[in-house]
Protein chains: 4
Amino acid sequence: MTEAALFTTPEMASVFAPRAHLRAILRFEAALARAEARAGVIPREAAEAITAACDVDQFDVAALYAAAVDAGTLAIPIVRALTAHVGGGDDAGRFVHWGATSQDAIDTALVLQMRDGLGLLEDDLLALCAGCAAHAEAHRRTVMAGRTLLQQAVPITFGLKAARWLALGTRRLRALRALREDALALQLGGAAGTLAALGDHGLVVAGYVAEELTLPVPDLPWHAERDRVAMIAGAVGLAAGAMEKIATDIVLLAQTDVGEVDEGAATGKGGSSAMPHKHNPVDAAAALAATRLAAGSASVILAAAGAHQHERAVGAWQAEWNAIPDLFRYAAGAIAHARRSVCGLEVHRDRMAANLARGGGVVMSESLAMALAPHVGRPEAQRIVREAADRAAAEGNTLRDAALAHEGIRAALSPATVERALDPAAYLGSTDSFIDRALAAYRAILGRADAG
Amino acid sequence: MTEAALFTTPEMASVFAPRAHLRAILRFEAALARAEARAGVIPREAAEAITAACDVDQFDVAALYAAAVDAGTLAIPIVRALTAHVGGGDDAGRFVHWGATSQDAIDTALVLQMRDGLGLLEDDLLALCAGCAAHAEAHRRTVMAGRTLLQQAVPITFGLKAARWLALGTRRLRALRALREDALALQLGGAAGTLAALGDHGLVVAGYVAEELTLPVPDLPWHAERDRVAMIAGAVGLAAGAMEKIATDIVLLAQTDVGEVDEGAATGKGGSSAMPHKHNPVDAAAALAATRLAAGSASVILAAAGAHQHERAVGAWQAEWNAIPDLFRYAAGAIAHARRSVCGLEVHRDRMAANLARGGGVVMSESLAMALAPHVGRPEAQRIVREAADRAAAEGNTLRDAALAHEGIRAALSPATVERALDPAAYLGSTDSFIDRALAAYRAILGRADAG
Amino acid sequence: MTEAALFTTPEMASVFAPRAHLRAILRFEAALARAEARAGVIPREAAEAITAACDVDQFDVAALYAAAVDAGTLAIPIVRALTAHVGGGDDAGRFVHWGATSQDAIDTALVLQMRDGLGLLEDDLLALCAGCAAHAEAHRRTVMAGRTLLQQAVPITFGLKAARWLALGTRRLRALRALREDALALQLGGAAGTLAALGDHGLVVAGYVAEELTLPVPDLPWHAERDRVAMIAGAVGLAAGAMEKIATDIVLLAQTDVGEVDEGAATGKGGSSAMPHKHNPVDAAAALAATRLAAGSASVILAAAGAHQHERAVGAWQAEWNAIPDLFRYAAGAIAHARRSVCGLEVHRDRMAANLARGGGVVMSESLAMALAPHVGRPEAQRIVREAADRAAAEGNTLRDAALAHEGIRAALSPATVERALDPAAYLGSTDSFIDRALAAYRAILGRADAG
Amino acid sequence: MTEAALFTTPEMASVFAPRAHLRAILRFEAALARAEARAGVIPREAAEAITAACDVDQFDVAALYAAAVDAGTLAIPIVRALTAHVGGGDDAGRFVHWGATSQDAIDTALVLQMRDGLGLLEDDLLALCAGCAAHAEAHRRTVMAGRTLLQQAVPITFGLKAARWLALGTRRLRALRALREDALALQLGGAAGTLAALGDHGLVVAGYVAEELTLPVPDLPWHAERDRVAMIAGAVGLAAGAMEKIATDIVLLAQTDVGEVDEGAATGKGGSSAMPHKHNPVDAAAALAATRLAAGSASVILAAAGAHQHERAVGAWQAEWNAIPDLFRYAAGAIAHARRSVCGLEVHRDRMAANLARGGGVVMSESLAMALAPHVGRPEAQRIVREAADRAAAEGNTLRDAALAHEGIRAALSPATVERALDPAAYLGSTDSFIDRALAAYRAILGRADAG
């Protein structure tokens with residue numbers, strides 16, 4: 001649907017387009033024929049003829065989809081059409097789809113599409129990580145308010161925030177890559193998972209098909225045990241969910257009342273049909289919407305994963321045919337919009353500093369209390385500082401003034417110590433190390449990407 | 001996406017096609033202009049020119065969707081294009097979208113599309129009800145096993161089962177119809193829900209726009225209070241969920257090992273790419289898949305409904321743009337496939353009777369116990385009958401033989417009474433009345449449909 | 001679990017406590033016996049003895065729950081224990097649970113508990129509405145920024161925001177009340193929904209049981225058609241979801257950087273274990289958490305609603321036993337915390353005014369453009385005002401200064417007109433009417449509550 | 001709640017009981033104090049006094065939970081109470097919770113509880129795998145119908161079905177174990193994730209605390225990046241979902257009309273309050289219900305994972321406090337009930353054989369077609385066998401008779417070849433190898449469990 005254009009990418013739309021789906025099924029059929037020829041199950045000439053006929057341009061995509069409604073699956077009309085292309089009777093057509101079942105073709109095709117889709121997600125996630133890494137470096141010391149429960153808490157730096165996004169993106173990228181080793185496995189089980197129609201050649205043929213398609217061979221066919229599919233859905237869903245975290249932070253920082261970042265104002269971006277002044281964070285907004293949509297599709301897959309009856313499910317399996325493409329499309333949209341938002345993000349140091357000073361600097365209360373604690377204990381320090389903060393609020397004063405005036409604080413700390421305790425830039429703890437660690441983890445996967 | 005063809009209907013696909021979406025937005029803009037002319041807010045000639053320009057054929061749908069990616073909403077490029085069509089400067093173009101905001105156009109357009117979509121769902125649901133009603137009449141006395149926890153329990157009739165499907169369909173149809181009165185309301189609030197740009201004319205204009213579009217006027221704009229949308233999603237989701245119940249019963253009855261119904265074998269329907277003998281219940285299977293997909297889309301809408309910040313949401317609103325069309329498409333698929341399955345269902349009385357006799361007729365154990373209970377009390381009657389049923393099982397006998405031989409039963413009941421107690425057709429309780437009630441409720445809504 | 005205390009209320013915890021569950025089941029058994037005596041199905045003395053024995057204090061709640069694990073349902077050990085209490089043999093015990101099945105007892109008991117639970121939710125929702133109504137009245141003219149996509153848009157009043165919360169609460173309250181008429185129906189169907197064990201007396205007995213329990217009689221038993229349960233879950237879930245909207249607005253307004261409301265600082269409320277200055281909006285936070293938990297439980301019920309096989313489900317039904325109590329408990333927590341937050345909310349007019357002036361008053365740009373539009377058309381007006389707003393931003397100026405200096409604006413509007421167009425209090429459109437409508441709808445349900 | 005007893009285990013209930021929660025928080029506080037003493041941040045005597053005071057028996061659990069309602073978190077009243085126990089003023093109490101924040105204590109405590117909970121899940125999953133492995137061995141050659149879309153397809157063996165359950169259980173067990181290495185990490189970040197209150201000692205202290213608790217140290221604190229929590233929820237949810245697959249197969253095989261397995265009839269297990277003959281598969285039913293409940297709790301965690309704002313979430317975090325315990329409790333119930341069902345499962349070979357012969361053996365149609373295909377090609381072979389199967393159905397004959405009579409088959413195959421093609425036991429393909437592989441994978445993890 002064209003409306004999906006808002007929440008996906010053209011590349012991902014192509015990977016899961018009907019034509020690409022058909023191509024992947026044909027790729028399976030060709031690989032099967034070649035594997036069976038290698039195993040001596042069907043003649044080599046037949047395999048060659050079938051391979052030659054598996055050309056997507058020779059098929060009428062729309063007609064095949066229409067026929068699938070009655071057949072209940074796309075594989076049946078495709079096998080029929082492919083057989084007709086190759087020629088029946090004594091010809092190679094008699095060896096089309098030999099020993100396989102519809103689900104073998106459909107599941108393996110979907111695995112191939114998912115592998116392509118994961119490649120796209122990984123690329124975009126890597127680009128997002130690059131954007132985060134740049135912010136982490138550039139704003140390593142850009143002090144801003146840390147906020148818990150949306151209340152200012154203690155200072156952090158924008159670099160640390162970006163480093164946390166980076167670490168999150170890096171972990172999710174690693175998780176997507178890990179799917180290739182196990183979850184993206186060949187499906188070949190025949191009618192009910194025994195490969196009976198291949199007699200003694202089942203395992204050999206399966207091995208060859210997997211080689212042809214560069215896919216791992218699973219221990220057992222997984223026609224009705226869909227935990228691998230659920231793992232993929234979970235990992236893709238989590239990658240999209242990571243975008244929600246990042247986009248949430250961005251829309252909160254971009255609030256008019258906070259103003260610490262904005263998405264930039266490319267021509268036509270984020271305007272309003274009613275309000276001339278508006279610059280909406282439209283990429284972050286679209287990322288948030290796409291994340292919600294991806295979560296819905298992931299939930300369909302997760303809910304279906306355990307509901308596969310016996311040797312092939314009635315309903316739970318078929319739902320995957322749409323839910324998986326939907327998930328990948330929406331996840332692509334989430335990541336692409338988040339990447340655009342992060343990579344174009346303008347950061348306003350002045351507003352960060354101004355907001356940190358808001359309320360007279362009470363965001364430094366923990367720092368002051370920790371300075372005081374060695375002298376009077378943590379509980380008493382907290383009591384005293386709370387008193388000073390309350391006085392500052394009541395008198396419209398800064399915490400600095402109230403602290404310098406408070407008898408309990410003056411008794412324990414010199415004015416210079418109070419000043420130091422109230423300096424946000426001096427109260428950043430392990431911020432630098434955390435940024436370093438996030439960058440190191442990112443560089444480690446980057447190295448793998450360069451090498452790979 | 002073409003793959004969606006398996007799990008929707010062409011009619012519903014049209015209602016939510018990009019072109020239909022654009023048409024609905026233009027319908028809003030035209031209605032707004034006419035309403036504002038009636039209220040004296042803009043010149044009548046401007047309204048006429050705008051109405052004339054709101055012709056979907058004059059717009060490049062794909063270009064508008066492409067522009068929406070940067071704008072963050074489809075309304076902005078549409079308003080821009082419409083203004084250009086009408087002519088700017090001193091022309092009517094200056095009055096396009098007067099006093100409204102993007103959300104007004106998009107929400108109201110979606111309401112119009114949902115109204116069309118509900119009409120389609122209602123029609124198909126009514127056709128499904130007709131199929132259920134026919135089965136309820138025809139099989140009023142077709143005795144079969146009632147099954148609880150998938151174990152045979154006591155006899156019912158297939159007519160009663162169909163009547164329960166009918167009652168369910170009838171209730172869900174009534175619920176869909178009820179949405180028109182309140183949930184499908186006009187959205188017109190202006191930039192932040194105050195209609196400020198319309199000065200004192202806001203309520204009057206809103207009333208006129210609602211008249212133009214035959215929509216109810218809500219008490220307040222609902223831009224950020226989405227309980228109405230959630231109600232629609234809930235009702236549509238429940239209608240789809242009702243299909244799951246019906247399709248679940250059908251696939252269970254259609255099991256090879258039960259064989260009490262099948263979907264019929266239209267040419268090409270339900271075959272297998274591997275197994276020549278198979279007649280899969282493909283419509284019920286597709287209904288089950290579509291139901292799962294609809295549930296995923298409904299969950300997106302329900303999860304978003306409360307997450308709308310302040311006067312317009314960032315993310316939760318935009319997610320509706322895809323989730324609502326997805327929901328309607330999948331719900332249409334669920335209902336259409338269930339209708340096809342029910343209306344073409346072949347019912348095998350002989351298998352129903354044979355299955356009922358399975359296990360020596362222990363399905364009549366409650367009946368026998370209730371016959372015995374007035375003599376020995378319910379607990380003792382249960383104990384005796386359980387003993388008889390266990391003996392029958394151990395000896396490979398029927399419950400009838402075991403009962404006639406059991407001393408405790410012989411002491412209390414005559415052989416004729418035992419025979420009567422073991423006749424499934426005589427142990428149907430209020431079955432007839434329940435069927436009558438379901439038919440009456442169906443005819444009541446049918447009357448309204450004929451009149452309406 | 002004690003941890004649930006954070007996210008429910010003691011009252012709701014009581015309604016769904018094991019003891020209350022047992023009491024409700026006994027209430028069903030007693031009503032059944034009395035109804036059967038009235039219908040002449042069992043002796044009056046037996047019904048009296050059974051009624052007398054249905055005293056929750058005579059049962060060992062923990063032992064019954066333990067026995068339920070093997071039995072698969074609580075009804076079986078309860079019926080056994082009740083029979084033992086009444087006395088078997090020739091005594092009344094032989095008439096316990098006559099003609100009913102476990103599901104009749106468990107479903108009807110749950111309906112009774114849900115009715116009590118809905119009463120509690122309605123009461124708390126009404127109290128929340130009262131709080132919203134008070135704010136709507138008190139802050140009818142407290143001007144603040146309307147915010148869309150978290151960007152300041154145009155002015156609204158806090159009274160309007162509270163009125164929208166009120167309208168939402170009022171609608172959800174009406175929806176909960178509506179459940180009593182249809183969704184909260186008696187369940188009595190016997191082993192497989194035919195009432196066969198009651199012979200010709202089934203409908204009469206069902207009518208009497210419903211009378212005894214003041215419940216509506218449904219057209220048909222609903223043992224495996226759970227749309228009623230789903231409707232309840234949907235309505236309760238939506239009521240909880242409404243709390244998410246309100247609490248979301250509150251936590252956003254309570255941000256340190258916005259500061260327009262706070263929850264007040266009762267002793268010990270909202271402090272931090274690390275930061276002496278913090279006053280977290282803990283009730284809104286708890287409401288948000290409880291809403292998420294309620295959504296999870298609602299989703300279990302909705303997902304299960306269509307999955308009921310044949311005449312009684314294996315799994316989908318049993319899941320309701322926990323999901324429904326969980327839903328009611330969490331919904332109670334969501335509403336109670338939201339009520340506490342709203343009713344104790346302190347509103348800071350000064351911060352609202354200050355935030356509105358932020359950015360030099362560009363929030364008035366639509367107002368200015370609408371003043372200009374009759375002179376130059378809407379598109380040109382938007383262009384001019386955008387230019388003025390950009391200049392103001394670039395020069396660190398106010399929109400007022402930039403507007404008064406802009407040649408295009410000066411050509412069309414007098415300085416006084418510009419001033420008027422920049423006054424937020426003069427750009428509120430239909431705000432007053434909307435507040436009136438919300439209050440009127442609230443008073444209408446309030447009247448019903450007083451009368452009822 | 002006691003009702004949860006039906007869907008959890010007593011052991012898991014203990015791990016997440018309030019007392020165990022408090023104990024875990026105290027364990028964190030003690031470990032923190034000792035780590036800080038090792039790092040020279042607080043005096044060794046203080047750490048000893050704090051450790052000594054961290055004794056759960058010295059605290060009033062109910063009072064702490066009550067205080068948490070106002071505080072918004074359990075950590076605050078616990079820190080207050082612990083400080084009081086240790087003694088304030090110059091005493092060790094002044095060093096309680098030094099440099100930490102509430103979330104550090106609560107998150108790390110939850111990690112400790114989850115580690116215990118995972119241990120329980122793993123043990124029960126291993127026991128379930130043992131049951132599956134026993135069936136896989138014992139029924140390696142117990143031929144039964146493979147069923148796709150609930151239609152008989154081709155033969156499999158019950159051993160293969162059990163082997164697929166085993167492989168599924170083994171994969172899920174491996175996935176749970178893998179969580180220990182990364183997902184179950186220490187949380188220690190201080191007020192906003194910088195460890196600022198620990199000055200230069202942050203990383204050292206974090207390392208020591210992790211040592212004390214035998215937990216991995218994460219690269220960065222994860223207070224607002226909850227992908228680890230989501231990974232745990234995903235893996236536990238998938239483990240529960242695997243139970244759905246197994247229990248679904250069991251309830252389908254246990255249908256009266258199939259009768260291939262039953263759960264056995266321990267006294268009191270699976271009876272009915274109405275029908276004396278019933279033996280319900282109550283453990284599989286409870287597993288299915290618990291799986292649904294677990295899915296609901298997992299969905300809360302997954303939906304919340306991306307919604308954590310800034311440095312600590314308002315709502316999304318707090319929801320985990322209940323959703324995680326709920327998930328573990330329900331998952332424990334799902335696995336325990338599935339284990340009971342599988343390990344006690346009685347398998348009826350005779351019914352499997354009888355069902356396989358049902359319909360005249362058409363389940364062998366693919367086998368026959370594959371025997372014919374080398375002679376006439378796959379498409380023609382399918383056509384011929386479909387014709388034979390249809391004739392058999394029409395004439396009430398077996399496929400064997402129809403095949404031996406069919407001219408097309410007789411022309412190609414000898415009667416002996418036909419007989420061989422119709423022998424289910426000779427059409428099992430790679431069944432044996434698949435069983436071997438599943439057993440080998442199981443033994444590999446079993447080895448690790450014995451060693452570990």
# chains A, B, ... in the order shown; residues from 1 in each chain; ligands from 1

$ interface_residues --of "chain C" --to "chain A" --cutoff "8 Å" --atoms "only C-alpha atoms" --output "number ranges by chain"
C: 149-154, 251-252, 254-258, 274-281, 285, 355, 358, 362-363, 365-366, 369, 382-383, 385-386, 389-390

$ write_last_selection --atoms "N, CA and C atoms" --output "short mmCIF file (atom, residue, chain, number, x, y, z; two decimals), in the first residue's frame"
data_model
loop_
_atom_site.label_atom_id
_atom_site.label_comp_id
_atom_site.auth_asym_id
_atom_site.auth_seq_id
_atom_site.Cartn_x
_atom_site.Cartn_y
_atom_site.Cartn_z
N LEU C 149 2.57 17.49 18.73
CA LEU C 149 3.88 16.83 18.55
C LEU C 149 4.90 17.39 19.55
N LEU C 150 4.42 17.76 20.71
CA LEU C 150 5.22 18.33 21.81
C LEU C 150 5.81 19.70 21.48
N GLN C 151 5.34 20.31 20.42
CA GLN C 151 5.72 21.67 20.08
C GLN C 151 4.58 22.60 20.46
N GLN C 152 4.93 23.77 20.96
CA GLN C 152 3.87 24.75 21.23
C GLN C 152 3.16 25.09 19.92
N ALA C 153 1.82 25.13 19.98
CA ALA C 153 1.04 25.31 18.76
C ALA C 153 0.26 26.62 18.82
N VAL C 154 -0.85 26.62 19.53
CA VAL C 154 -1.66 27.83 19.75
C VAL C 154 -2.12 27.76 21.20
N VAL C 251 2.51 14.10 33.58
CA VAL C 251 3.97 13.98 33.72
C VAL C 251 4.70 14.93 32.78
N LEU C 252 4.10 15.21 31.63
CA LEU C 252 4.74 16.16 30.71
C LEU C 252 4.66 17.58 31.26
N ALA C 254 4.47 18.30 34.33
CA ALA C 254 5.22 18.35 35.58
C ALA C 254 6.72 18.30 35.37
N GLN C 255 7.17 18.18 34.11
CA GLN C 255 8.61 18.18 33.86
C GLN C 255 9.26 19.41 34.51
N THR C 256 10.44 19.23 35.05
CA THR C 256 11.17 20.37 35.60
C THR C 256 11.22 21.51 34.59
N ASP C 257 11.38 21.17 33.32
CA ASP C 257 11.55 22.19 32.29
C ASP C 257 10.24 22.83 31.86
N VAL C 258 9.14 22.33 32.36
CA VAL C 258 7.84 22.90 32.02
C VAL C 258 7.22 23.48 33.29
N ALA C 274 18.33 9.33 46.26
CA ALA C 274 19.64 9.91 45.97
C ALA C 274 19.64 11.44 45.90
N MET C 275 18.52 12.03 45.41
CA MET C 275 18.52 13.46 45.12
C MET C 275 17.55 14.21 46.01
N PRO C 276 18.08 15.00 46.93
CA PRO C 276 17.24 15.63 47.95
C PRO C 276 16.16 16.55 47.39
N HIS C 277 16.35 17.08 46.18
CA HIS C 277 15.43 18.12 45.72
C HIS C 277 14.21 17.55 44.98
N LYS C 278 14.18 16.26 44.72
CA LYS C 278 13.18 15.76 43.79
C LYS C 278 11.78 15.61 44.38
N HIS C 279 10.79 15.98 43.55
CA HIS C 279 9.40 15.70 43.90
C HIS C 279 8.79 14.99 42.70
N ASN C 280 8.93 13.70 42.63
CA ASN C 280 8.45 12.95 41.47
C ASN C 280 6.92 12.87 41.44
N PRO C 281 6.35 12.88 40.25
CA PRO C 281 4.90 12.71 40.12
C PRO C 281 4.56 11.24 40.29
N ALA C 285 2.96 8.42 37.70
CA ALA C 285 3.86 7.35 37.28
C ALA C 285 3.22 5.99 37.56
N ASN C 355 5.75 30.11 30.01
CA ASN C 355 6.06 29.19 28.90
C ASN C 355 5.40 29.64 27.60
N ARG C 358 7.45 32.05 25.86
CA ARG C 358 8.75 31.51 25.45
C ARG C 358 8.92 31.62 23.93
N VAL C 362 5.91 33.10 19.52
CA VAL C 362 5.57 32.59 18.19
C VAL C 362 4.36 31.67 18.21
N VAL C 363 3.97 31.25 19.41
CA VAL C 363 2.77 30.43 19.52
C VAL C 363 1.55 31.16 18.98
N SER C 365 1.50 32.66 16.11
CA SER C 365 1.69 32.86 14.67
C SER C 365 0.43 32.53 13.86
N GLU C 366 -0.30 31.46 14.24
CA GLU C 366 -1.51 31.15 13.49
C GLU C 366 -2.52 32.28 13.62
N ALA C 369 -1.53 35.03 11.41
CA ALA C 369 -1.76 34.67 10.01
C ALA C 369 -3.25 34.73 9.68
N GLN C 382 0.44 32.92 5.56
CA GLN C 382 1.32 31.94 6.21
C GLN C 382 2.79 32.23 5.87
N ARG C 383 3.02 32.57 4.61
CA ARG C 383 4.39 32.84 4.20
C ARG C 383 4.96 34.05 4.95
N VAL C 385 3.97 35.40 7.80
CA VAL C 385 4.14 35.18 9.25
C VAL C 385 5.32 34.26 9.52
N ARG C 386 5.51 33.27 8.65
CA ARG C 386 6.67 32.40 8.82
C ARG C 386 7.95 33.24 8.74
N ALA C 389 8.30 35.17 11.92
CA ALA C 389 8.72 34.29 13.02
C ALA C 389 10.19 33.94 12.89
N ASP C 390 10.63 33.69 11.67
CA ASP C 390 12.04 33.35 11.46
C ASP C 390 12.94 34.53 11.82
#

$ residues_around --residues "segment 14-29 of chain D" --least-positions-apart "4" --cutoff "8 Å" --atoms "only C-alpha atoms" --output "PyMOL selection string"
(chain C and resi 1-3) or (chain D and resi 10+33+50-51+54-56+61+75+96-97+105-106+108-110+112-113+116-117+213+325+329)

$ residues_around --residues "segment 229-246 of chain D" --least-positions-apart "2" --cutoff "6 Å" --atoms "only C-alpha atoms" --output "PyMOL selection string"
(chain A and resi 306-307) or (chain D and resi 172+226-227+248-249+288+291+298+302+331+334)

$ write_last_selection --atoms "all heavy atoms" --output "JSON list (two decimals), in the first residue's frame"
[["chain", "number", "residue", "atom", "x", "y", "z"],
["A", 306, "GLY", "N", 3.77, -20.52, 18.97],
["A", 306, "GLY", "CA", 3.52, -21.76, 19.69],
["A", 306, "GLY", "C", 2.24, -22.47, 19.25],
["A", 306, "GLY", "O", 1.94, -23.55, 19.75],
["A", 307, "ALA", "N", 1.50, -21.86, 18.35],
["A", 307, "ALA", "CA", 0.16, -22.36, 18.03],
["A", 307, "ALA", "C", 0.14, -23.26, 16.79],
["A", 307, "ALA", "O", -0.92, -23.47, 16.21],
["A", 307, "ALA", "CB", -0.79, -21.17, 17.85],
["D", 172, "ARG", "N", 15.20, -24.05, 23.49],
["D", 172, "ARG", "CA", 14.72, -23.03, 24.44],
["D", 172, "ARG", "C", 15.53, -23.05, 25.73],
["D", 172, "ARG", "O", 15.75, -22.01, 26.37],
["D", 172, "ARG", "CB", 13.22, -23.22, 24.73],
["D", 172, "ARG", "CG", 12.31, -22.96, 23.55],
["D", 172, "ARG", "CD", 12.57, -21.58, 22.95],
["D", 172, "ARG", "NE", 13.39, -21.63, 21.77],
["D", 172, "ARG", "CZ", 14.25, -20.68, 21.42],
["D", 172, "ARG", "NH1", 14.41, -19.62, 22.17],
["D", 172, "ARG", "NH2", 14.97, -20.76, 20.34],
["D", 226, "ARG", "N", 16.47, -0.90, 28.01],
["D", 226, "ARG", "CA", 15.97, -2.13, 28.62],
["D", 226, "ARG", "C", 15.96, -3.30, 27.66],
["D", 226, "ARG", "O", 15.17, -4.22, 27.81],
["D", 226, "ARG", "CB", 14.56, -1.88, 29.16],
["D", 226, "ARG", "CG", 14.44, -0.66, 30.04],
["D", 226, "ARG", "CD", 15.32, -0.68, 31.24],
["D", 226, "ARG", "NE", 14.80, -1.52, 32.31],
["D", 226, "ARG", "CZ", 15.31, -1.52, 33.54],
["D", 226, "ARG", "NH1", 16.37, -0.77, 33.85],
["D", 226, "ARG", "NH2", 14.79, -2.31, 34.47],
["D", 227, "ASP", "N", 16.84, -3.26, 26.68],
["D", 227, "ASP", "CA", 16.84, -4.38, 25.75],
["D", 227, "ASP", "C", 17.24, -5.69, 26.44],
["D", 227, "ASP", "O", 16.77, -6.75, 26.06],
["D", 227, "ASP", "CB", 17.73, -4.09, 24.53],
["D", 227, "ASP", "CG", 19.14, -3.67, 24.90],
["D", 227, "ASP", "OD1", 19.34, -3.03, 25.94],
["D", 227, "ASP", "OD2", 20.06, -4.00, 24.12],
["D", 248, "THR", "N", -0.60, -28.20, 22.66],
["D", 248, "THR", "CA", -1.57, -28.21, 21.57],
["D", 248, "THR", "C", -1.60, -29.57, 20.90],
["D", 248, "THR", "O", -2.68, -30.14, 20.65],
["D", 248, "THR", "CB", -1.21, -27.11, 20.54],
["D", 248, "THR", "OG1", -1.34, -25.84, 21.18],
["D", 248, "THR", "CG2", -2.13, -27.16, 19.33],
["D", 249, "ASP", "N", -0.43, -30.08, 20.60],
["D", 249, "ASP", "CA", -0.38, -31.43, 20.01],
["D", 249, "ASP", "C", -1.06, -32.45, 20.92],
["D", 249, "ASP", "O", -1.82, -33.31, 20.46],
["D", 249, "ASP", "CB", 1.07, -31.84, 19.75],
["D", 249, "ASP", "CG", 1.65, -31.19, 18.49],
["D", 249, "ASP", "OD1", 0.93, -30.43, 17.81],
["D", 249, "ASP", "OD2", 2.82, -31.45, 18.18],
["D", 288, "LEU", "N", -1.65, -24.64, 28.53],
["D", 288, "LEU", "CA", -2.12, -23.71, 27.50],
["D", 288, "LEU", "C", -2.59, -22.39, 28.12],
["D", 288, "LEU", "O", -2.32, -21.30, 27.58],
["D", 288, "LEU", "CB", -3.25, -24.35, 26.68],
["D", 288, "LEU", "CG", -2.80, -25.49, 25.76],
["D", 288, "LEU", "CD1", -4.01, -26.23, 25.19],
["D", 288, "LEU", "CD2", -1.93, -24.94, 24.63],
["D", 291, "THR", "N", 0.43, -20.44, 29.37],
["D", 291, "THR", "CA", 1.16, -19.86, 28.24],
["D", 291, "THR", "C", 0.52, -18.55, 27.80],
["D", 291, "THR", "O", 1.21, -17.57, 27.51],
["D", 291, "THR", "CB", 1.13, -20.85, 27.06],
["D", 291, "THR", "OG1", 1.83, -22.03, 27.45],
["D", 291, "THR", "CG2", 1.79, -20.26, 25.85],
["D", 298, "ALA", "N", 4.69, -11.03, 29.10],
["D", 298, "ALA", "CA", 5.84, -10.76, 28.22],
["D", 298, "ALA", "C", 5.55, -9.55, 27.34],
["D", 298, "ALA", "O", 6.42, -8.70, 27.11],
["D", 298, "ALA", "CB", 6.16, -11.98, 27.37],
["D", 302, "LEU", "N", 7.86, -6.27, 26.73],
["D", 302, "LEU", "CA", 8.36, -5.92, 25.40],
["D", 302, "LEU", "C", 7.84, -4.54, 24.98],
["D", 302, "LEU", "O", 8.59, -3.74, 24.42],
["D", 302, "LEU", "CB", 7.94, -6.98, 24.38],
["D", 302, "LEU", "CG", 8.57, -8.37, 24.59],
["D", 302, "LEU", "CD1", 7.96, -9.39, 23.64],
["D", 302, "LEU", "CD2", 10.08, -8.31, 24.39],
["D", 331, "ALA", "N", 5.22, -18.58, 33.39],
["D", 331, "ALA", "CA", 6.08, -19.46, 32.59],
["D", 331, "ALA", "C", 6.39, -20.73, 33.38],
["D", 331, "ALA", "O", 6.41, -21.83, 32.81],
["D", 331, "ALA", "CB", 7.37, -18.73, 32.21],
["D", 334, "ALA", "N", 3.45, -22.90, 33.05],
["D", 334, "ALA", "CA", 3.35, -23.50, 31.72],
["D", 334, "ALA", "C", 4.29, -24.69, 31.59],
["D", 334, "ALA", "O", 3.91, -25.77, 31.13],
["D", 334, "ALA", "CB", 3.67, -22.45, 30.65]]

$ atom_distance --atom1 "atom CA of Pro77 of chain C" --atom2 "atom CA of Tyr65 of chain C"
8.3 Å

$ select_by_dssp --residues "segment 90-259 of chain A" --states "strand (DSSP E or B)" --output "ChimeraX atom specification"
/A:143-148,151-157
